file work29.cif (mmCIF, C-alpha atoms)
data_data
#
loop_
_atom_site.label_atom_id
_atom_site.label_comp_id
_atom_site.auth_asym_id
_atom_site.auth_seq_id
_atom_site.Cartn_x
_atom_site.Cartn_y
_atom_site.Cartn_z
CA MET A 1350 20.32 13.10 -15.89
CA LEU A 1351 19.68 15.63 -13.14
CA THR A 1352 23.18 15.74 -11.64
CA GLY A 1353 24.47 19.32 -11.50
CA ARG A 1354 21.24 20.80 -12.86
CA HIS A 1355 19.60 24.02 -11.67
CA VAL A 1356 15.86 23.85 -10.93
CA ILE A 1357 14.45 27.35 -11.34
CA GLU A 1358 10.94 26.68 -12.58
CA PRO A 1359 8.75 23.60 -13.19
CA GLY A 1360 9.58 23.60 -16.90
CA ASP A 1361 13.21 22.81 -16.06
CA LEU A 1362 12.07 19.27 -15.30
CA SER A 1363 10.72 17.05 -18.07
CA VAL A 1364 7.64 14.92 -17.53
CA SER A 1365 9.84 11.84 -17.27
CA GLU A 1366 12.13 13.57 -14.74
CA ILE A 1367 9.13 14.52 -12.59
CA GLU A 1368 8.03 10.87 -12.69
CA GLU A 1369 11.57 9.84 -11.72
CA ILE A 1370 11.63 12.22 -8.74
CA CYS A 1371 8.17 11.17 -7.55
CA SER A 1372 9.05 7.48 -7.86
CA LEU A 1373 12.23 8.02 -5.82
CA ALA A 1374 10.26 9.98 -3.20
CA GLU A 1375 7.81 7.08 -2.92
CA GLN A 1376 10.71 4.68 -2.38
CA ILE A 1377 12.05 6.94 0.39
CA ILE A 1378 8.60 7.03 2.04
CA VAL A 1379 8.45 3.23 2.09
CA ASN A 1380 12.01 2.67 3.35
CA PRO A 1381 13.64 5.88 4.67
CA ALA A 1382 16.43 4.01 6.45
CA SER A 1383 17.89 2.94 3.11
CA PHE A 1384 18.52 6.59 2.19
CA GLN A 1385 19.90 7.96 5.45
CA ASP A 1386 23.50 8.17 4.21
CA VAL A 1387 23.15 8.95 0.50
CA CYS A 1388 24.26 12.60 0.95
CA ARG A 1389 26.91 11.95 3.58
CA GLY A 1390 29.64 14.58 3.11
CA LYS A 1391 27.40 16.91 1.05
CA ILE A 1392 26.36 20.41 2.21
CA LEU A 1393 23.16 22.29 1.43
CA ALA A 1394 23.07 26.09 1.73
CA THR A 1395 19.68 27.62 2.52
CA LEU A 1396 19.73 31.27 1.45
CA PHE A 1397 16.40 32.76 2.50
CA PHE A 1398 16.09 36.47 1.76
CA GLU A 1399 12.38 36.21 2.64
CA PRO A 1400 10.67 34.67 5.70
CA SER A 1401 9.75 31.01 5.52
CA THR A 1402 8.89 28.21 7.91
CA ARG A 1403 7.86 25.12 5.95
CA THR A 1404 10.06 25.49 2.88
CA ARG A 1405 13.29 26.28 4.72
CA LEU A 1406 12.82 23.68 7.44
CA SER A 1407 11.67 21.13 4.88
CA PHE A 1408 14.85 21.61 2.84
CA GLU A 1409 16.98 21.38 5.96
CA ALA A 1410 15.16 18.31 7.28
CA ALA A 1411 15.45 16.69 3.86
CA MET A 1412 19.22 17.12 3.74
CA LEU A 1413 19.67 15.98 7.35
CA HIS A 1414 17.57 12.86 6.74
CA LEU A 1415 19.85 12.09 3.79
CA GLY A 1416 22.91 12.30 6.04
CA GLY A 1417 24.15 15.63 4.73
CA ALA A 1418 24.83 18.96 6.45
CA VAL A 1419 23.19 22.39 6.24
CA GLU A 1420 24.38 25.97 6.51
CA GLY A 1421 22.83 29.27 5.55
CA PHE A 1422 20.60 32.03 6.83
CA ALA A 1423 16.92 32.73 7.39
CA ASP A 1424 17.25 36.51 7.64
CA ALA A 1425 19.01 38.59 5.00
CA SER A 1426 19.67 41.35 7.55
CA TYR A 1427 22.54 39.26 8.91
CA THR A 1428 24.27 38.97 5.54
CA SER A 1429 26.65 41.15 3.56
CA SER A 1430 23.76 42.19 1.31
CA THR A 1431 23.09 44.86 3.95
CA LYS A 1432 26.56 46.22 3.12
CA GLY A 1433 25.71 46.38 -0.56
CA GLU A 1434 27.07 43.02 -1.73
CA THR A 1435 25.41 41.95 -4.95
CA LEU A 1436 23.49 38.68 -5.25
CA ALA A 1437 25.98 37.54 -7.88
CA ASP A 1438 28.89 37.94 -5.46
CA THR A 1439 26.97 36.25 -2.62
CA ILE A 1440 26.30 33.25 -4.86
CA ARG A 1441 29.90 33.11 -6.09
CA VAL A 1442 31.08 32.94 -2.48
CA VAL A 1443 28.50 30.52 -1.09
CA SER A 1444 28.69 28.10 -4.02
CA SER A 1445 32.41 27.69 -3.37
CA TYR A 1446 31.55 26.19 0.04
CA VAL A 1447 28.61 23.89 -0.65
CA ASP A 1448 27.22 21.25 -3.01
CA VAL A 1449 23.71 22.66 -3.57
CA ILE A 1450 21.88 25.92 -2.83
CA ALA A 1451 18.19 26.39 -2.00
CA MET A 1452 17.32 30.08 -2.34
CA ARG A 1453 14.21 32.17 -1.67
CA SER A 1454 13.90 35.82 -2.57
CA PRO A 1455 11.06 38.33 -2.89
CA LYS A 1456 12.51 39.46 -6.22
CA GLU A 1457 11.27 37.83 -9.43
CA GLY A 1458 14.10 36.40 -11.51
CA SER A 1459 16.57 36.26 -8.62
CA ALA A 1460 16.92 32.47 -8.72
CA LEU A 1461 17.68 32.54 -12.44
CA LEU A 1462 20.28 35.23 -11.84
CA ALA A 1463 21.82 33.18 -9.04
CA SER A 1464 22.10 30.14 -11.30
CA GLN A 1465 24.20 32.14 -13.75
CA PHE A 1466 26.91 32.73 -11.13
CA SER A 1467 26.77 29.53 -9.10
CA ALA A 1468 29.37 26.78 -9.15
CA CYS A 1469 26.79 24.28 -7.83
CA PRO A 1470 23.12 23.52 -8.51
CA VAL A 1471 20.61 26.20 -7.45
CA ILE A 1472 17.10 25.16 -6.44
CA ASN A 1473 14.55 27.97 -6.50
CA ALA A 1474 12.65 27.99 -3.20
CA GLY A 1475 10.41 30.82 -4.41
CA ASP A 1476 11.18 34.05 -6.25
CA GLY A 1477 8.55 36.71 -5.70
CA GLY A 1478 5.38 36.02 -7.65
CA HIS A 1479 7.12 33.85 -10.24
CA TYR A 1480 7.72 30.17 -9.46
CA HIS A 1481 8.16 27.73 -6.60
CA PRO A 1482 9.18 24.43 -8.24
CA THR A 1483 9.72 22.35 -5.10
CA GLN A 1484 6.27 23.29 -3.84
CA THR A 1485 5.05 22.07 -7.22
CA LEU A 1486 6.88 18.76 -6.72
CA THR A 1487 5.25 18.59 -3.28
CA ASP A 1488 1.83 19.20 -4.82
CA LEU A 1489 2.40 16.67 -7.59
CA LEU A 1490 3.59 13.97 -5.20
CA THR A 1491 0.52 14.60 -3.02
CA ILE A 1492 -1.83 14.44 -6.01
CA ARG A 1493 -0.20 11.25 -7.26
CA ALA A 1494 -0.44 9.62 -3.81
CA LEU A 1495 -4.01 10.66 -3.07
CA GLN A 1496 -5.61 10.90 -6.53
CA GLY A 1497 -3.71 8.21 -8.38
CA GLY A 1498 -1.96 10.23 -11.07
CA PHE A 1499 -1.56 13.55 -12.85
CA SER A 1500 -4.17 13.29 -15.63
CA GLY A 1501 -7.91 13.68 -15.95
CA HIS A 1502 -8.51 16.05 -13.04
CA THR A 1503 -10.63 19.17 -12.62
CA ILE A 1504 -8.56 21.47 -10.44
CA GLY A 1505 -9.83 24.61 -8.77
CA PHE A 1506 -7.30 27.30 -7.88
CA CYS A 1507 -8.80 29.69 -5.34
CA GLY A 1508 -7.63 32.98 -3.85
CA ASP A 1509 -4.64 35.03 -4.97
CA LEU A 1510 -4.06 34.03 -8.57
CA LYS A 1511 -2.27 37.25 -9.52
CA PHE A 1512 0.70 36.97 -7.16
CA GLY A 1513 0.43 33.28 -6.21
CA ARG A 1514 3.66 31.65 -7.37
CA THR A 1515 2.47 28.25 -6.15
CA VAL A 1516 -0.60 28.55 -8.39
CA HIS A 1517 1.52 29.62 -11.36
CA SER A 1518 3.90 26.72 -10.82
CA LEU A 1519 1.31 23.98 -10.31
CA ALA A 1520 -0.96 25.08 -13.16
CA LYS A 1521 2.06 25.12 -15.49
CA ALA A 1522 3.08 21.63 -14.38
CA MET A 1523 -0.43 20.15 -14.63
CA SER A 1524 -0.97 21.70 -18.05
CA ARG A 1525 1.61 19.23 -19.37
CA TYR A 1526 -0.62 16.25 -18.61
CA PRO A 1527 -3.68 15.25 -20.66
CA ASN A 1528 -7.35 15.85 -19.86
CA ASN A 1529 -6.88 18.26 -16.98
CA LYS A 1530 -9.31 21.15 -16.61
CA PHE A 1531 -8.71 24.27 -14.54
CA VAL A 1532 -11.16 26.50 -12.70
CA PHE A 1533 -9.70 29.83 -11.54
CA ILE A 1534 -11.59 31.33 -8.60
CA SER A 1535 -10.70 34.85 -7.46
CA PRO A 1536 -11.91 38.42 -7.10
CA ASN A 1537 -11.41 40.49 -10.22
CA GLU A 1538 -8.44 42.30 -8.66
CA LEU A 1539 -6.52 39.04 -8.19
CA ILE A 1540 -7.21 37.22 -11.45
CA LEU A 1541 -4.51 35.25 -13.24
CA PRO A 1542 -2.17 37.64 -15.11
CA GLU A 1543 -2.81 37.98 -18.83
CA TYR A 1544 0.83 37.21 -19.64
CA TYR A 1545 0.47 33.86 -17.87
CA VAL A 1546 -2.66 32.98 -19.84
CA LYS A 1547 -0.91 33.86 -23.10
CA SER A 1548 2.43 32.19 -22.37
CA VAL A 1549 1.35 29.07 -20.45
CA LEU A 1550 -2.31 28.11 -20.75
CA GLU A 1551 -3.06 28.96 -24.35
CA PRO A 1552 0.06 27.27 -25.84
CA ALA A 1553 -0.77 24.13 -23.82
CA GLY A 1554 -4.37 24.13 -25.07
CA VAL A 1555 -5.71 23.77 -21.53
CA GLN A 1556 -9.44 24.01 -20.91
CA TYR A 1557 -10.15 26.57 -18.19
CA THR A 1558 -12.97 28.65 -16.78
CA THR A 1559 -13.11 31.48 -14.24
CA SER A 1560 -15.46 32.21 -11.38
CA GLU A 1561 -15.82 34.77 -8.61
CA ARG A 1562 -17.81 32.37 -6.39
CA LEU A 1563 -16.31 29.22 -4.88
CA GLU A 1564 -19.76 27.88 -4.00
CA SER A 1565 -20.84 27.78 -7.62
CA VAL A 1566 -17.98 25.53 -8.80
CA ILE A 1567 -16.75 23.51 -5.81
CA GLY A 1568 -19.04 20.59 -6.69
CA ASP A 1569 -17.21 20.11 -10.01
CA LEU A 1570 -13.73 19.76 -8.55
CA ASP A 1571 -11.45 16.78 -7.94
CA ILE A 1572 -8.83 19.00 -6.33
CA LEU A 1573 -9.28 22.37 -4.61
CA TYR A 1574 -6.05 24.34 -4.27
CA MET A 1575 -6.61 27.10 -1.72
CA THR A 1576 -4.20 30.03 -1.33
CA ARG A 1577 -3.99 32.97 0.99
CA VAL A 1578 -4.17 36.58 -0.09
CA GLN A 1579 -0.54 37.56 0.43
CA LYS A 1580 -0.10 40.78 2.37
CA GLU A 1581 3.58 40.99 1.41
CA ARG A 1582 2.72 41.28 -2.30
CA PHE A 1583 0.53 44.38 -1.87
CA PHE A 1584 1.73 47.96 -2.16
CA ASN A 1585 -1.50 49.28 -0.66
CA GLU A 1586 -2.62 47.96 2.74
CA GLN A 1587 -6.20 49.10 2.14
CA ASP A 1588 -6.42 46.82 -0.91
CA TYR A 1589 -5.12 43.90 1.15
CA ILE A 1590 -7.63 44.49 3.95
CA ARG A 1591 -10.47 44.74 1.43
CA LEU A 1592 -9.58 41.46 -0.31
CA LYS A 1593 -8.05 39.25 2.40
CA ASP A 1594 -11.33 37.61 3.41
CA SER A 1595 -12.67 37.10 -0.10
CA TYR A 1596 -12.76 33.31 0.19
CA ILE A 1597 -13.06 31.24 3.35
CA LEU A 1598 -13.49 27.48 3.03
CA ASP A 1599 -15.76 26.14 5.78
CA LYS A 1600 -17.95 23.13 6.54
CA ALA A 1601 -20.90 24.58 4.66
CA LYS A 1602 -18.90 24.90 1.44
CA MET A 1603 -17.36 21.45 1.94
CA GLN A 1604 -20.86 19.97 1.99
CA LEU A 1605 -21.21 21.09 -1.63
CA ALA A 1606 -18.04 19.25 -2.68
CA ARG A 1607 -17.53 15.69 -3.93
CA LYS A 1608 -16.79 13.00 -1.39
CA ASP A 1609 -13.47 12.22 -3.09
CA MET A 1610 -12.28 15.79 -3.61
CA ILE A 1611 -9.06 16.74 -1.82
CA VAL A 1612 -8.15 20.17 -0.44
CA LEU A 1613 -4.56 21.33 -0.85
CA HIS A 1614 -2.89 24.51 0.43
CA PRO A 1615 0.80 25.50 0.20
CA LEU A 1616 0.57 27.09 3.69
CA PRO A 1617 0.80 29.20 5.72
CA ARG A 1618 -2.92 29.77 5.96
CA VAL A 1619 -4.41 32.80 7.64
CA ASN A 1620 -8.17 32.39 7.71
CA GLU A 1621 -8.97 31.15 4.20
CA ILE A 1622 -9.54 27.61 5.54
CA SER A 1623 -11.56 27.40 8.72
CA PRO A 1624 -10.03 25.11 11.38
CA GLU A 1625 -13.30 23.17 11.36
CA VAL A 1626 -12.26 21.76 7.96
CA ASP A 1627 -9.07 20.21 9.37
CA SER A 1628 -10.91 17.13 10.61
CA ASP A 1629 -12.53 16.50 7.22
CA PRO A 1630 -10.85 13.45 5.58
CA ARG A 1631 -10.63 15.45 2.35
CA ALA A 1632 -8.32 18.02 4.00
CA ALA A 1633 -4.87 17.01 2.75
CA TYR A 1634 -2.76 20.10 3.42
CA PHE A 1635 -0.92 18.73 6.46
CA LYS A 1636 -0.20 15.46 4.62
CA GLN A 1637 1.10 17.72 1.85
CA VAL A 1638 3.73 19.13 4.24
CA LYS A 1639 5.20 15.68 4.87
CA TYR A 1640 5.19 14.83 1.17
CA GLY A 1641 7.16 18.05 0.63
CA MET A 1642 10.09 16.80 2.68
CA TYR A 1643 10.22 13.55 0.71
CA ALA A 1644 10.00 15.38 -2.62
CA ARG A 1645 12.92 17.58 -1.61
CA MET A 1646 14.91 14.56 -0.43
CA ALA A 1647 14.48 13.01 -3.86
CA LEU A 1648 15.40 16.20 -5.71
CA ILE A 1649 18.48 16.90 -3.58
CA SER A 1650 19.66 13.32 -4.09
CA LYS A 1651 19.34 13.72 -7.85
CA VAL A 1652 20.91 17.14 -8.41
CA THR A 1653 23.89 16.35 -6.14
CA GLY A 1654 24.52 13.09 -8.01
CA SER A 1655 24.04 11.08 -4.84
CA LEU A 1656 21.56 8.73 -6.52
#

call {"tool": "encode", "arguments": {"input": "work29.cif", "output": "structure tokens"}}
result
Amino acid sequence: MLTGRHVIEPGDLSVSEIEEICSLAEQIIVNPASFQDVCRGKILATLFFEPSTRTRLSFEAAMLHLGGAVEGFADASYTSSTKGETLADTIRVVSSYVDVIAMRSPKEGSALLASQFSACPVINAGDGGHYHPTQTLTDLLTIRALQGGFSGHTIGFCGDLKFGRTVHSLAKAMSRYPNNKFVFISPNELILPEYYVKSVLEPAGVQYTTSERLESVIGDLDILYMTRVQKERFFNEQDYIRLKDSYILDKAKMQLARKDMIVLHPLPRVNEISPEVDSDPRAAYFKQVKYGMYARMALISKVTGSL
């Protein structure tokens, strides 16, 4: 039962609950008109303390397609936090007005903190370098639709693995399914954090390898998950400039890949995927955007008790 539940990280959803959400999303895709009033009278608050295009608009579109309403902010500078109001007080206030909150913050642990003071379900829309569970649901729904399921895949995660919350979230989710293998591709400065290896991968018994060269491993992959090097996570601009062009997926690299491999990306991209790849049938990142709205429609319906 998901009614009233907070969703802070992928582990908050059981395997069966993920299946339930994906199945509902697939029903919505097939017959959206049947779901256009399920959240009538419900309000979603989007509290975005960090810039976002896809995630915020996807949440808002999801609630509107379900017949609900939306309020919130996309810029923290227009909120009482600039006056010194604590996050706890902001959440206490907002949750007294609405039925569900989607929150993004640059600070790790902020969504968990918000959930401790909220009178309604909190959905983490990204907290710093930690987790991004609805992007994970988006990724899972895309993988299920295009690759037939969640098991038996070799998945390459490429780019910023140190700060990449989407990587951390998806790898954690996919580690719960059998016979998946991971390949982590990054410069040495952006490797997966040791704490993540110890707390997530090793307990799950996941097979994984690392590589500094995309070309040497792309031919082994069923799924390539590209990420950008995130300027906003760096304290030193020189380090960002030095690393930002470490991996660029282009036609030449795609020629080394399997014919049935798919390319995913949480977006926004900068230059890590060349526009020439967009026309390749294996490029699935814009399909992924649409799946994200349906995944969020399903999740909102569940946590608000509308379905």

call {"tool": "atom_distance", "arguments": {"input": "work29.cif", "atom1": "CA of Thr1515 (chain A)", "atom2": "CA of Ser1655 (chain A)"}}
result
27.6 Å

call {"tool": "closest_residue", "arguments": {"input": "work29.cif", "among": "A:Arg1514, A:Lys1636, A:Lys1600, A:His1355", "to": "Ala1463 (chain A)", "atoms": "only C-alpha atoms"}}
result
A:His1355

call {"tool": "residues_around", "arguments": {"input": "work29.cif", "residues": "Lys1651 (chain A)", "least_positions_apart": "5", "cutoff": "6 Å", "atoms": "only C-alpha atoms", "output": "list in words"}}
result
Leu1351, Thr1352 and Leu1656 of chain A

call {"tool": "atom_distance", "arguments": {"input": "work29.cif", "atom1": "CA of Ser1560 (chain A)", "atom2": "CA of Val1532 (chain A)"}}
result
7.3 Å

call {"tool": "resolve_selection", "arguments": {"input": "work29.cif", "expression": "the PyMOL selection byres ((chain A and resi 1502) around 7)", "output": "number ranges by chain"}}
result
A: 1500-1501, 1503-1504, 1528-1530, 1571

call {"tool": "resolve_selection", "arguments": {"input": "work29.cif", "expression": "the PyMOL selection byres ((chain A and resi 1449-1455) around 9)", "output": "ChimeraX atom specification"}}
result
/A:1353,1391-1401,1405,1408,1440,1443-1444,1447-1448,1456-1460,1463,1467-1478,1481,1582,1649,1652-1653

call {"tool": "atom_distance", "arguments": {"input": "work29.cif", "atom1": "CA of Gly1360 (chain A)", "atom2": "CA of Arg1441 (chain A)"}}
result
24.9 Å

call {"tool": "residues_around", "arguments": {"input": "work29.cif", "residues": "region 1613-1621 of chain A", "least_positions_apart": "3", "cutoff": "7 Å", "atoms": "only C-alpha atoms", "output": "VMD selection string"}}
result
chain A and resid 1573 to 1577 1594 1596 to 1598 1632 to 1634

call {"tool": "decode", "arguments": {"input": "work29.cif", "residues": "region 1397-1502 of chain A", "atoms": "C-alpha atoms", "output": "PDB file, in the first residue's frame"}}
result
ATOM      1  CA  PHE A1397      12.458  23.354  -6.311  1.00  0.00           C
ATOM      2  CA  PHE A1398      15.395  24.886  -4.462  1.00  0.00           C
ATOM      3  CA  GLU A1399      17.594  23.995  -7.462  1.00  0.00           C
ATOM      4  CA  PRO A1400      17.058  24.678 -11.197  1.00  0.00           C
ATOM      5  CA  SER A1401      15.189  22.057 -13.192  1.00  0.00           C
ATOM      6  CA  THR A1402      13.340  21.828 -16.475  1.00  0.00           C
ATOM      7  CA  ARG A1403      12.323  18.222 -17.127  1.00  0.00           C
ATOM      8  CA  THR A1404      11.710  17.037 -13.575  1.00  0.00           C
ATOM      9  CA  ARG A1405       9.642  20.016 -12.437  1.00  0.00           C
ATOM     10  CA  LEU A1406       7.594  20.282 -15.622  1.00  0.00           C
ATOM     11  CA  SER A1407       7.156  16.514 -15.724  1.00  0.00           C
ATOM     12  CA  PHE A1408       5.723  16.496 -12.190  1.00  0.00           C
ATOM     13  CA  GLU A1409       3.440  19.400 -13.014  1.00  0.00           C
ATOM     14  CA  ALA A1410       2.293  17.883 -16.311  1.00  0.00           C
ATOM     15  CA  ALA A1411       1.688  14.565 -14.553  1.00  0.00           C
ATOM     16  CA  MET A1412      -0.592  16.120 -11.938  1.00  0.00           C
ATOM     17  CA  LEU A1413      -2.452  18.224 -14.517  1.00  0.00           C
ATOM     18  CA  HIS A1414      -3.036  15.181 -16.743  1.00  0.00           C
ATOM     19  CA  LEU A1415      -4.519  13.450 -13.694  1.00  0.00           C
ATOM     20  CA  GLY A1416      -6.962  16.320 -13.184  1.00  0.00           C
ATOM     21  CA  GLY A1417      -5.229  17.787 -10.145  1.00  0.00           C
ATOM     22  CA  ALA A1418      -3.749  21.220  -9.457  1.00  0.00           C
ATOM     23  CA  VAL A1419      -0.197  22.476  -8.902  1.00  0.00           C
ATOM     24  CA  GLU A1420       1.399  25.207  -6.832  1.00  0.00           C
ATOM     25  CA  GLY A1421       4.957  25.874  -5.779  1.00  0.00           C
ATOM     26  CA  PHE A1422       8.138  27.598  -6.856  1.00  0.00           C
ATOM     27  CA  ALA A1423      11.043  27.062  -9.226  1.00  0.00           C
ATOM     28  CA  ASP A1424      13.381  29.580  -7.596  1.00  0.00           C
ATOM     29  CA  ALA A1425      14.163  29.543  -3.886  1.00  0.00           C
ATOM     30  CA  SER A1426      15.090  33.242  -3.999  1.00  0.00           C
ATOM     31  CA  TYR A1427      11.378  34.054  -3.983  1.00  0.00           C
ATOM     32  CA  THR A1428      10.690  32.082  -0.803  1.00  0.00           C
ATOM     33  CA  SER A1429      10.979  32.806   2.902  1.00  0.00           C
ATOM     34  CA  SER A1430      14.164  30.734   3.018  1.00  0.00           C
ATOM     35  CA  THR A1431      15.917  33.961   1.983  1.00  0.00           C
ATOM     36  CA  LYS A1432      14.644  35.434   5.272  1.00  0.00           C
ATOM     37  CA  GLY A1433      16.116  32.558   7.226  1.00  0.00           C
ATOM     38  CA  GLU A1434      13.099  30.247   7.436  1.00  0.00           C
ATOM     39  CA  THR A1435      14.177  26.681   8.073  1.00  0.00           C
ATOM     40  CA  LEU A1436      13.302  23.843   5.708  1.00  0.00           C
ATOM     41  CA  ALA A1437      11.352  22.188   8.510  1.00  0.00           C
ATOM     42  CA  ASP A1438       9.110  25.244   8.892  1.00  0.00           C
ATOM     43  CA  THR A1439       8.666  25.598   5.119  1.00  0.00           C
ATOM     44  CA  ILE A1440       7.518  21.978   4.919  1.00  0.00           C
ATOM     45  CA  ARG A1441       5.198  22.331   7.915  1.00  0.00           C
ATOM     46  CA  VAL A1442       3.502  25.272   6.199  1.00  0.00           C
ATOM     47  CA  VAL A1443       3.315  23.908   2.654  1.00  0.00           C
ATOM     48  CA  SER A1444       2.122  20.446   3.692  1.00  0.00           C
ATOM     49  CA  SER A1445      -0.861  22.043   5.414  1.00  0.00           C
ATOM     50  CA  TYR A1446      -2.026  23.315   1.998  1.00  0.00           C
ATOM     51  CA  VAL A1447      -1.443  20.380  -0.345  1.00  0.00           C
ATOM     52  CA  ASP A1448      -1.816  16.620  -0.772  1.00  0.00           C
ATOM     53  CA  VAL A1449       1.696  15.743  -1.996  1.00  0.00           C
ATOM     54  CA  ILE A1450       5.060  17.516  -2.254  1.00  0.00           C
ATOM     55  CA  ALA A1451       7.757  17.037  -4.906  1.00  0.00           C
ATOM     56  CA  MET A1452      10.984  18.628  -3.679  1.00  0.00           C
ATOM     57  CA  ARG A1453      14.431  19.193  -5.179  1.00  0.00           C
ATOM     58  CA  SER A1454      17.371  20.570  -3.247  1.00  0.00           C
ATOM     59  CA  PRO A1455      21.139  20.761  -3.751  1.00  0.00           C
ATOM     60  CA  LYS A1456      21.624  19.554  -0.175  1.00  0.00           C
ATOM     61  CA  GLU A1457      22.021  15.826   0.482  1.00  0.00           C
ATOM     62  CA  GLY A1458      19.513  14.531   3.020  1.00  0.00           C
ATOM     63  CA  SER A1459      17.103  17.444   2.594  1.00  0.00           C
ATOM     64  CA  ALA A1460      14.259  15.279   1.280  1.00  0.00           C
ATOM     65  CA  LEU A1461      14.569  12.914   4.242  1.00  0.00           C
ATOM     66  CA  LEU A1462      14.510  15.887   6.597  1.00  0.00           C
ATOM     67  CA  ALA A1463      11.439  17.268   4.844  1.00  0.00           C
ATOM     68  CA  SER A1464       9.618  13.963   5.238  1.00  0.00           C
ATOM     69  CA  GLN A1465      10.074  14.141   9.003  1.00  0.00           C
ATOM     70  CA  PHE A1466       8.063  17.373   9.209  1.00  0.00           C
ATOM     71  CA  SER A1467       5.507  16.913   6.443  1.00  0.00           C
ATOM     72  CA  ALA A1468       1.819  16.218   6.946  1.00  0.00           C
ATOM     73  CA  CYS A1469       1.592  14.760   3.413  1.00  0.00           C
ATOM     74  CA  PRO A1470       3.745  12.470   1.253  1.00  0.00           C
ATOM     75  CA  VAL A1471       7.105  13.877   0.119  1.00  0.00           C
ATOM     76  CA  ILE A1472       8.595  12.705  -3.173  1.00  0.00           C
ATOM     77  CA  ASN A1473      12.303  13.369  -3.544  1.00  0.00           C
ATOM     78  CA  ALA A1474      12.932  15.066  -6.896  1.00  0.00           C
ATOM     79  CA  GLY A1475      16.692  15.026  -6.312  1.00  0.00           C
ATOM     80  CA  ASP A1476      18.794  15.874  -3.255  1.00  0.00           C
ATOM     81  CA  GLY A1477      22.336  16.861  -4.149  1.00  0.00           C
ATOM     82  CA  GLY A1478      24.452  13.883  -5.120  1.00  0.00           C
ATOM     83  CA  HIS A1479      22.291  11.379  -3.247  1.00  0.00           C
ATOM     84  CA  TYR A1480      19.172  10.011  -4.933  1.00  0.00           C
ATOM     85  CA  HIS A1481      16.571  10.807  -7.567  1.00  0.00           C
ATOM     86  CA  PRO A1482      13.924   8.062  -7.232  1.00  0.00           C
ATOM     87  CA  THR A1483      11.450   9.305  -9.844  1.00  0.00           C
ATOM     88  CA  GLN A1484      14.219   9.498 -12.427  1.00  0.00           C
ATOM     89  CA  THR A1485      14.920   5.895 -11.473  1.00  0.00           C
ATOM     90  CA  LEU A1486      11.262   4.987 -12.050  1.00  0.00           C
ATOM     91  CA  THR A1487      11.544   6.766 -15.410  1.00  0.00           C
ATOM     92  CA  ASP A1488      14.645   4.764 -16.271  1.00  0.00           C
ATOM     93  CA  LEU A1489      13.081   1.485 -15.149  1.00  0.00           C
ATOM     94  CA  LEU A1490       9.894   2.068 -17.121  1.00  0.00           C
ATOM     95  CA  THR A1491      11.983   2.882 -20.211  1.00  0.00           C
ATOM     96  CA  ILE A1492      14.123  -0.231 -19.766  1.00  0.00           C
ATOM     97  CA  ARG A1493      11.051  -2.406 -19.271  1.00  0.00           C
ATOM     98  CA  ALA A1494       9.364  -0.962 -22.370  1.00  0.00           C
ATOM     99  CA  LEU A1495      12.391  -1.135 -24.656  1.00  0.00           C
ATOM    100  CA  GLN A1496      14.392  -4.076 -23.272  1.00  0.00           C
ATOM    101  CA  GLY A1497      11.603  -6.293 -22.001  1.00  0.00           C
ATOM    102  CA  GLY A1498      12.367  -6.405 -18.277  1.00  0.00           C
ATOM    103  CA  PHE A1499      14.767  -5.602 -15.464  1.00  0.00           C
ATOM    104  CA  SER A1500      16.968  -8.713 -15.370  1.00  0.00           C
ATOM    105  CA  GLY A1501      19.888 -10.091 -17.328  1.00  0.00           C
ATOM    106  CA  HIS A1502      21.331  -6.832 -18.623  1.00  0.00           C
TER     107      HIS A1502
END
